[in-house]
Amino acid sequence: MKKRLVVLSGAGVSAESGIKTFRDSGGLWEEYDIMEVATPQAWNRNMDLVLEFYNQRRKQLMEVQPNAAHFALAELEKYFDVHIITQNVDDLHERAGSTKVMHLHGELKKVRSTADPDLVYKLNGWELKKGDTCELGSQLRPHIVWFGEEVPMIPAAAELTKTADIFLIVGTSLNVYPAASLVGYVKRGTPIYLIDPGHLAVSHIPNLTFIKEKASVGMERLKEILLKLADKNQ
Ligand code: APR
C-alpha cells in the first residue's frame with residue numbers, strides 16, 4: 001500500500017516555468033493592484049480591465065511549459081499516492097502528468113456563468129470578451145476565486161490533508177488564507193517538508209524539514225529523502 005503524499009503548492013512551483021509569482025520582488029501584485037483586477041468589486045467596476053488581466057495570463061500560460069519541479073512531483077506517483085492541492089490557476093501540474101490535482105483558487109483555462117456558478121466551461125483559446133455568454137445568456141467570467149470570495153474546495157482540501165502520511169509545502173509564501181490554514185489539518189506526528197528559496201516564518205510548523213532551495217533543486221533533494229523512506233517501508 002503506497003503512503004499518501006499530500007502537497008500544497010503555490011506560485012513558486014511555476015516560477016521556473018517563467019510565470020511570475022505574486023509577492024516576490026517583480027511579482028504580479030507589484031504590477032497590478034489586487035483590488036483593481038482580482039476582486040468582485042473590480043469586476044463590477046471595470047470588467048474590461050479584469051478580462052484583460054486574465055486574458056494576458058491565459059495567453060502567457062499557452063507559451064510556457066511545466067518545469068522539473070512539476071515533473072518530479074508527477075514522477076513521485078510511481079512510489080506514493082500523491083494528491084496535489086494547488087493555489088495555482090495554471091495547468092502545469094496536469095501537463096507534467098500529475099493525476100490528482102485540486103485547484104483551490106480556480107483555473108485560468110476555465111470560465112463560468114455569472115448567473116449560475118455551477119455552469120463551468122473550458123475556454124477555447126486565451127481570450128474571454130465582454131458579450132461572451134453562458135447557455136443562460138449571462139456574461140462569462142474567469143473561473144477564479146477572487147479576494148473576498150468563498151473558497152469552495154477548502155473543506156475537501158482539509159479532509160484530504162488529514163489523511164496525509166507525508167505533507168509537502170512547495171512554492172507558497174503561506175500568506176493567503178484559508179489555503180495557508182491547511183497546514184493545521186496535518187495529523188500530529190506527520191513529517192512535513194517545505195521547499196522554498198525564501199525566508200518563511202515557519203517556527204509554528206511541527207516535524208518540519210525546510211529545504212531552502214528553488215523547487216527544481218528542492219524536489220530532487222526531496223525525492224532522494226522520500227525514496228529512501230519508500231525503500232525502508234517495502
Ligand atoms: N521555487 C520555489 N519557490 C519559489 C521559487 C522557486 N523557484 N521562486 C519563488 N518561490 C517562493 C517565494 O519565496 C514565495 O514563498 O514562492 C512563494 C510565492 O509566494 P506568493 O507569490 O505569495 O504566491 P502564493 O503563495 O502562491 O500566493 C497565494 O495569493 O494572490 C493570491 O490567489 C493568489 O494563489 C495565490 C495566493
# chains A, B, ... in the order shown; residues from 1 in each chain; ligands from 1

$ residues_around --residues "Val217 of chain A" --least-positions-apart "5" --cutoff "9 Å" --atoms "only C-alpha atoms" --output "list in words"
Ala68, Ala69 and Leu222 of chain A

$ write_last_selection --atoms "N, CA, C and O atoms" --output "short mmCIF file (atom, residue, chain, number, x, y, z; two decimals), in the first residue's frame"
data_model
loop_
_atom_site.label_atom_id
_atom_site.label_comp_id
_atom_site.auth_asym_id
_atom_site.auth_seq_id
_atom_site.Cartn_x
_atom_site.Cartn_y
_atom_site.Cartn_z
N ALA A 68 11.01 21.23 -14.11
CA ALA A 68 11.49 19.99 -13.46
C ALA A 68 10.74 19.70 -12.16
O ALA A 68 10.53 18.53 -11.80
N ALA A 69 10.32 20.74 -11.48
CA ALA A 69 9.60 20.51 -10.20
C ALA A 69 8.25 19.85 -10.46
O ALA A 69 7.86 18.89 -9.77
N LEU A 222 14.26 16.23 -2.21
CA LEU A 222 13.15 15.56 -1.52
C LEU A 222 12.94 14.15 -2.06
O LEU A 222 12.70 13.21 -1.30
#

$ residues_near_ligand --ligand "ligand 1" --cutoff "8 Å" --atoms "only C-alpha atoms and all ligand atoms" --output "JSON, numbers by chain"
{"A": [9, 10, 11, 12, 13, 14, 15, 16, 20, 21, 22, 23, 24, 27, 28, 29, 34, 86, 87, 88, 89, 104, 105, 145, 146, 147, 170, 171, 172, 173, 174, 175, 176, 179, 195, 196, 197, 198, 199, 200, 213, 214, 215, 216, 218]}

$ write_last_selection --atoms "N, CA and C atoms" --output "short mmCIF file (atom, residue, chain, number, x, y, z; two decimals), in the first residue's frame"
data_model
loop_
_atom_site.label_atom_id
_atom_site.label_comp_id
_atom_site.auth_asym_id
_atom_site.auth_seq_id
_atom_site.Cartn_x
_atom_site.Cartn_y
_atom_site.Cartn_z
N SER A 9 0.82 23.34 -3.08
CA SER A 9 1.74 24.10 -3.94
C SER A 9 1.22 25.52 -4.18
N GLY A 10 2.18 26.40 -4.50
CA GLY A 10 1.86 27.79 -4.80
C GLY A 10 2.67 28.26 -5.98
N ALA A 11 2.61 29.57 -6.22
CA ALA A 11 3.18 30.17 -7.43
C ALA A 11 4.66 29.84 -7.62
N GLY A 12 5.37 29.59 -6.54
CA GLY A 12 6.82 29.32 -6.64
C GLY A 12 7.13 28.08 -7.43
N VAL A 13 6.16 27.12 -7.48
CA VAL A 13 6.46 25.88 -8.21
C VAL A 13 6.37 26.13 -9.73
N SER A 14 5.69 27.22 -10.12
CA SER A 14 5.62 27.57 -11.56
C SER A 14 6.60 28.67 -11.93
N ALA A 15 7.36 29.18 -10.94
CA ALA A 15 8.28 30.30 -11.20
C ALA A 15 9.31 29.92 -12.26
N GLU A 16 9.85 28.72 -12.18
CA GLU A 16 10.90 28.32 -13.12
C GLU A 16 10.34 27.98 -14.50
N LYS A 20 5.21 34.56 -13.32
CA LYS A 20 5.52 35.41 -12.16
C LYS A 20 4.81 34.90 -10.90
N THR A 21 5.52 35.01 -9.77
CA THR A 21 4.81 34.76 -8.51
C THR A 21 4.07 36.06 -8.18
N PHE A 22 3.48 36.11 -7.00
CA PHE A 22 2.66 37.28 -6.65
C PHE A 22 3.41 38.28 -5.78
N ARG A 23 4.18 37.69 -4.78
CA ARG A 23 4.71 38.59 -3.75
C ARG A 23 6.22 38.71 -3.74
N ASP A 24 6.85 38.01 -4.71
CA ASP A 24 8.31 38.20 -4.80
C ASP A 24 8.55 39.57 -5.43
N GLY A 27 6.95 40.73 -8.61
CA GLY A 27 5.80 39.83 -8.71
C GLY A 27 4.58 40.53 -9.31
N LEU A 28 3.56 39.72 -9.57
CA LEU A 28 2.37 40.21 -10.26
C LEU A 28 1.70 41.36 -9.49
N TRP A 29 1.70 41.23 -8.15
CA TRP A 29 0.99 42.26 -7.38
C TRP A 29 1.81 43.54 -7.28
N ILE A 34 -4.19 44.38 -6.70
CA ILE A 34 -5.14 43.28 -6.48
C ILE A 34 -6.58 43.80 -6.55
N THR A 86 -3.40 22.67 -5.07
CA THR A 86 -2.63 23.82 -5.55
C THR A 86 -3.43 25.12 -5.43
N GLN A 87 -2.69 26.19 -5.15
CA GLN A 87 -3.28 27.54 -5.17
C GLN A 87 -3.14 28.12 -6.58
N ASN A 88 -2.40 27.42 -7.42
CA ASN A 88 -2.13 27.93 -8.76
C ASN A 88 -3.32 27.71 -9.67
N VAL A 89 -3.46 28.62 -10.61
CA VAL A 89 -4.59 28.52 -11.55
C VAL A 89 -4.08 28.05 -12.92
N LEU A 104 -7.56 25.10 -5.57
CA LEU A 104 -8.28 25.87 -4.53
C LEU A 104 -8.78 27.20 -5.08
N HIS A 105 -7.98 27.83 -5.96
CA HIS A 105 -8.29 29.21 -6.37
C HIS A 105 -8.79 29.29 -7.80
N VAL A 145 -11.09 32.16 -8.03
CA VAL A 145 -11.60 32.64 -6.73
C VAL A 145 -10.95 34.00 -6.47
N TRP A 146 -11.73 35.06 -6.47
CA TRP A 146 -11.19 36.40 -6.23
C TRP A 146 -11.12 36.67 -4.73
N PHE A 147 -10.33 37.65 -4.37
CA PHE A 147 -10.22 38.00 -2.95
C PHE A 147 -11.60 38.39 -2.43
N VAL A 170 5.24 23.48 -1.12
CA VAL A 170 6.27 23.90 -2.10
C VAL A 170 5.80 25.15 -2.84
N GLY A 171 6.65 26.21 -2.75
CA GLY A 171 6.43 27.40 -3.58
C GLY A 171 5.28 28.28 -3.17
N THR A 172 5.01 28.32 -1.86
CA THR A 172 3.96 29.24 -1.40
C THR A 172 4.45 30.00 -0.17
N SER A 173 4.11 31.29 -0.15
CA SER A 173 4.54 32.14 0.97
C SER A 173 3.63 31.94 2.18
N LEU A 174 2.61 31.09 2.02
CA LEU A 174 1.66 30.84 3.13
C LEU A 174 1.09 32.16 3.67
N ASN A 175 0.89 33.12 2.75
CA ASN A 175 0.35 34.43 3.12
C ASN A 175 -1.15 34.51 3.03
N VAL A 176 -1.72 33.58 2.24
CA VAL A 176 -3.13 33.74 1.90
C VAL A 176 -3.97 32.67 2.59
N ALA A 179 -6.15 29.02 2.41
CA ALA A 179 -5.21 28.00 1.91
C ALA A 179 -4.12 27.70 2.95
N ILE A 195 9.64 23.31 0.71
CA ILE A 195 10.65 23.69 -0.28
C ILE A 195 10.38 25.13 -0.71
N ASP A 196 11.38 26.00 -0.45
CA ASP A 196 11.22 27.41 -0.81
C ASP A 196 12.59 28.07 -0.66
N PRO A 197 13.02 28.87 -1.66
CA PRO A 197 14.34 29.53 -1.54
C PRO A 197 14.31 30.73 -0.59
N GLY A 198 13.08 31.14 -0.23
CA GLY A 198 12.96 32.40 0.54
C GLY A 198 12.88 32.14 2.04
N HIS A 199 12.75 33.25 2.76
CA HIS A 199 12.62 33.15 4.22
C HIS A 199 11.14 33.05 4.56
N LEU A 200 10.75 32.05 5.29
CA LEU A 200 9.35 31.95 5.72
C LEU A 200 9.31 31.80 7.23
N GLU A 213 15.63 25.74 -0.99
CA GLU A 213 16.10 25.69 -2.39
C GLU A 213 14.94 26.09 -3.30
N LYS A 214 15.26 26.43 -4.56
CA LYS A 214 14.16 26.61 -5.50
C LYS A 214 13.57 25.24 -5.80
N ALA A 215 12.36 25.22 -6.31
CA ALA A 215 11.58 23.98 -6.41
C ALA A 215 12.29 22.89 -7.22
N SER A 216 12.92 23.28 -8.34
CA SER A 216 13.52 22.22 -9.20
C SER A 216 14.63 21.49 -8.44
N GLY A 218 15.06 21.61 -4.97
CA GLY A 218 14.49 21.06 -3.73
C GLY A 218 13.74 19.75 -3.97
#

$ residues_around --residues "Tyr54 of chain A" --least-positions-apart "2" --cutoff "12 Å" --atoms "only C-alpha atoms" --output "PyMOL selection string"
chain A and resi 28+32+37-38+43+47-52+56-61+89-90+107-111+123+126-129+141-144+146

$ closest_residue --among "A:Ala74, A:Ala201, A:Ile19, A:Leu119" --to "Leu140 of chain A" --atoms "only C-alpha atoms"
A:Leu119

$ select_by_dssp --residues "segment 37-114 of chain A" --states "strand (DSSP E)" --output "count of residues only"
17

$ residues_around --residues "Ser98 of chain A" --least-positions-apart "5" --cutoff "10 Å" --atoms "only C-alpha atoms" --output "ChimeraX atom specification"
/A:70-77,82-84,91-93

$ write_last_selection --atoms "N, CA, C and O atoms" --output "short mmCIF file (atom, residue, chain, number, x, y, z; two decimals), in the first residue's frame"
data_model
loop_
_atom_site.label_atom_id
_atom_site.label_comp_id
_atom_site.auth_asym_id
_atom_site.auth_seq_id
_atom_site.Cartn_x
_atom_site.Cartn_y
_atom_site.Cartn_z
N HIS A 70 7.55 20.33 -11.48
CA HIS A 70 6.26 19.70 -11.83
C HIS A 70 6.48 18.24 -12.22
O HIS A 70 5.74 17.34 -11.78
N PHE A 71 7.50 17.98 -13.00
CA PHE A 71 7.75 16.61 -13.47
C PHE A 71 8.17 15.70 -12.31
O PHE A 71 7.77 14.54 -12.22
N ALA A 72 8.94 16.25 -11.38
CA ALA A 72 9.37 15.45 -10.21
C ALA A 72 8.16 15.05 -9.37
O ALA A 72 8.05 13.90 -8.91
N LEU A 73 7.22 15.98 -9.22
CA LEU A 73 6.00 15.67 -8.45
C LEU A 73 5.20 14.58 -9.16
O LEU A 73 4.70 13.65 -8.53
N ALA A 74 5.12 14.68 -10.49
CA ALA A 74 4.36 13.66 -11.25
C ALA A 74 5.04 12.30 -11.11
O ALA A 74 4.39 11.27 -10.91
N GLU A 75 6.39 12.31 -11.14
CA GLU A 75 7.14 11.04 -11.05
C GLU A 75 6.92 10.35 -9.70
O GLU A 75 6.88 9.13 -9.60
N LEU A 76 6.73 11.14 -8.65
CA LEU A 76 6.55 10.55 -7.31
C LEU A 76 5.29 9.69 -7.24
O LEU A 76 5.14 8.87 -6.33
N GLU A 77 4.42 9.81 -8.24
CA GLU A 77 3.19 8.98 -8.24
C GLU A 77 3.53 7.50 -8.44
O GLU A 77 2.72 6.63 -8.13
N VAL A 82 -0.03 10.30 -4.54
CA VAL A 82 0.20 11.75 -4.48
C VAL A 82 -1.08 12.53 -4.79
O VAL A 82 -1.73 12.29 -5.81
N HIS A 83 -1.43 13.43 -3.88
CA HIS A 83 -2.58 14.33 -4.11
C HIS A 83 -2.03 15.76 -4.02
O HIS A 83 -1.45 16.14 -2.99
N ILE A 84 -2.25 16.56 -5.05
CA ILE A 84 -1.75 17.94 -5.05
C ILE A 84 -2.92 18.91 -4.81
O ILE A 84 -3.93 18.88 -5.54
N ASP A 91 -2.23 25.10 -15.45
CA ASP A 91 -2.49 23.65 -15.57
C ASP A 91 -1.17 22.87 -15.70
O ASP A 91 -1.13 21.78 -16.27
N LEU A 92 -0.11 23.45 -15.18
CA LEU A 92 1.22 22.84 -15.36
C LEU A 92 1.38 21.54 -14.58
O LEU A 92 2.06 20.62 -15.05
N HIS A 93 0.77 21.42 -13.40
CA HIS A 93 0.84 20.12 -12.70
C HIS A 93 0.23 19.02 -13.59
O HIS A 93 0.81 17.95 -13.76
#

$ atom_distance --atom1 "atom CA of Pro191 of chain A" --atom2 "atom CA of Met219 of chain A"
15.7 Å

$ select_by_dssp --residues "segment 108-223 of chain A" --states "helix (DSSP H, G or I)" --output "JSON list (two decimals) with N, CA and C atoms, in the first residue's frame"
[["chain", "number", "residue", "atom", "x", "y", "z"],
["A", 154, "ILE", "N", -12.11, 24.27, 0.05],
["A", 154, "ILE", "CA", -11.36, 24.20, 1.31],
["A", 154, "ILE", "C", -11.78, 23.02, 2.20],
["A", 155, "PRO", "N", -13.09, 22.76, 2.39],
["A", 155, "PRO", "CA", -13.44, 21.61, 3.26],
["A", 155, "PRO", "C", -12.86, 20.29, 2.73],
["A", 156, "ALA", "N", -12.95, 20.10, 1.41],
["A", 156, "ALA", "CA", -12.42, 18.85, 0.82],
["A", 156, "ALA", "C", -10.89, 18.82, 0.99],
["A", 157, "ALA", "N", -10.26, 19.98, 0.82],
["A", 157, "ALA", "CA", -8.79, 20.05, 0.95],
["A", 157, "ALA", "C", -8.37, 19.75, 2.39],
["A", 158, "ALA", "N", -9.15, 20.23, 3.34],
["A", 158, "ALA", "CA", -8.82, 19.99, 4.76],
["A", 158, "ALA", "C", -8.96, 18.50, 5.08],
["A", 159, "GLU", "N", -10.03, 17.89, 4.59],
["A", 159, "GLU", "CA", -10.23, 16.44, 4.83],
["A", 159, "GLU", "C", -9.08, 15.64, 4.21],
["A", 160, "LEU", "N", -8.69, 16.03, 3.01],
["A", 160, "LEU", "CA", -7.59, 15.34, 2.32],
["A", 160, "LEU", "C", -6.30, 15.50, 3.11],
["A", 161, "THR", "N", -6.04, 16.70, 3.61],
["A", 161, "THR", "CA", -4.81, 16.98, 4.36],
["A", 161, "THR", "C", -4.71, 16.09, 5.60],
["A", 162, "LYS", "N", -5.85, 15.84, 6.23],
["A", 162, "LYS", "CA", -5.87, 15.00, 7.44],
["A", 162, "LYS", "C", -5.41, 13.57, 7.14],
["A", 179, "ALA", "N", -6.15, 29.02, 2.41],
["A", 179, "ALA", "CA", -5.21, 28.00, 1.91],
["A", 179, "ALA", "C", -4.12, 27.70, 2.95],
["A", 180, "ALA", "N", -3.54, 28.77, 3.51],
["A", 180, "ALA", "CA", -2.40, 28.57, 4.43],
["A", 180, "ALA", "C", -2.82, 27.80, 5.68],
["A", 181, "SER", "N", -4.12, 27.83, 6.00],
["A", 181, "SER", "CA", -4.56, 27.17, 7.25],
["A", 181, "SER", "C", -4.53, 25.65, 7.12],
["A", 182, "LEU", "N", -4.36, 25.16, 5.90],
["A", 182, "LEU", "CA", -4.38, 23.69, 5.69],
["A", 182, "LEU", "C", -3.29, 23.01, 6.51],
["A", 183, "VAL", "N", -2.17, 23.71, 6.73],
["A", 183, "VAL", "CA", -1.06, 23.12, 7.48],
["A", 183, "VAL", "C", -1.56, 22.65, 8.86],
["A", 184, "GLY", "N", -2.54, 23.34, 9.37],
["A", 184, "GLY", "CA", -3.08, 23.00, 10.70],
["A", 184, "GLY", "C", -3.89, 21.71, 10.73],
["A", 185, "TYR", "N", -4.20, 21.16, 9.53],
["A", 185, "TYR", "CA", -5.01, 19.93, 9.49],
["A", 185, "TYR", "C", -4.13, 18.68, 9.38],
["A", 215, "ALA", "N", 12.36, 25.22, -6.31],
["A", 215, "ALA", "CA", 11.58, 23.98, -6.41],
["A", 215, "ALA", "C", 12.29, 22.89, -7.22],
["A", 216, "SER", "N", 12.92, 23.28, -8.34],
["A", 216, "SER", "CA", 13.52, 22.22, -9.20],
["A", 216, "SER", "C", 14.63, 21.49, -8.44],
["A", 217, "VAL", "N", 15.41, 22.24, -7.65],
["A", 217, "VAL", "CA", 16.52, 21.65, -6.88],
["A", 217, "VAL", "C", 15.96, 20.95, -5.64],
["A", 218, "GLY", "N", 15.06, 21.61, -4.97],
["A", 218, "GLY", "CA", 14.49, 21.06, -3.73],
["A", 218, "GLY", "C", 13.74, 19.75, -3.97],
["A", 219, "MET", "N", 13.07, 19.65, -5.11],
["A", 219, "MET", "CA", 12.32, 18.43, -5.41],
["A", 219, "MET", "C", 13.27, 17.24, -5.62],
["A", 220, "GLU", "N", 14.43, 17.50, -6.22],
["A", 220, "GLU", "CA", 15.41, 16.41, -6.38],
["A", 220, "GLU", "C", 15.88, 15.93, -5.01],
["A", 221, "ARG", "N", 16.14, 16.88, -4.12],
["A", 221, "ARG", "CA", 16.59, 16.55, -2.76],
["A", 221, "ARG", "C", 15.50, 15.75, -2.04],
["A", 222, "LEU", "N", 14.26, 16.23, -2.21],
["A", 222, "LEU", "CA", 13.15, 15.56, -1.52],
["A", 222, "LEU", "C", 12.94, 14.15, -2.06],
["A", 223, "LYS", "N", 13.08, 14.01, -3.36],
["A", 223, "LYS", "CA", 12.89, 12.66, -3.98],
["A", 223, "LYS", "C", 13.87, 11.68, -3.34]]

$ atom_distance --atom1 "atom CA of Tyr193 of chain A" --atom2 "atom CA of Ile211 of chain A"
7.2 Å
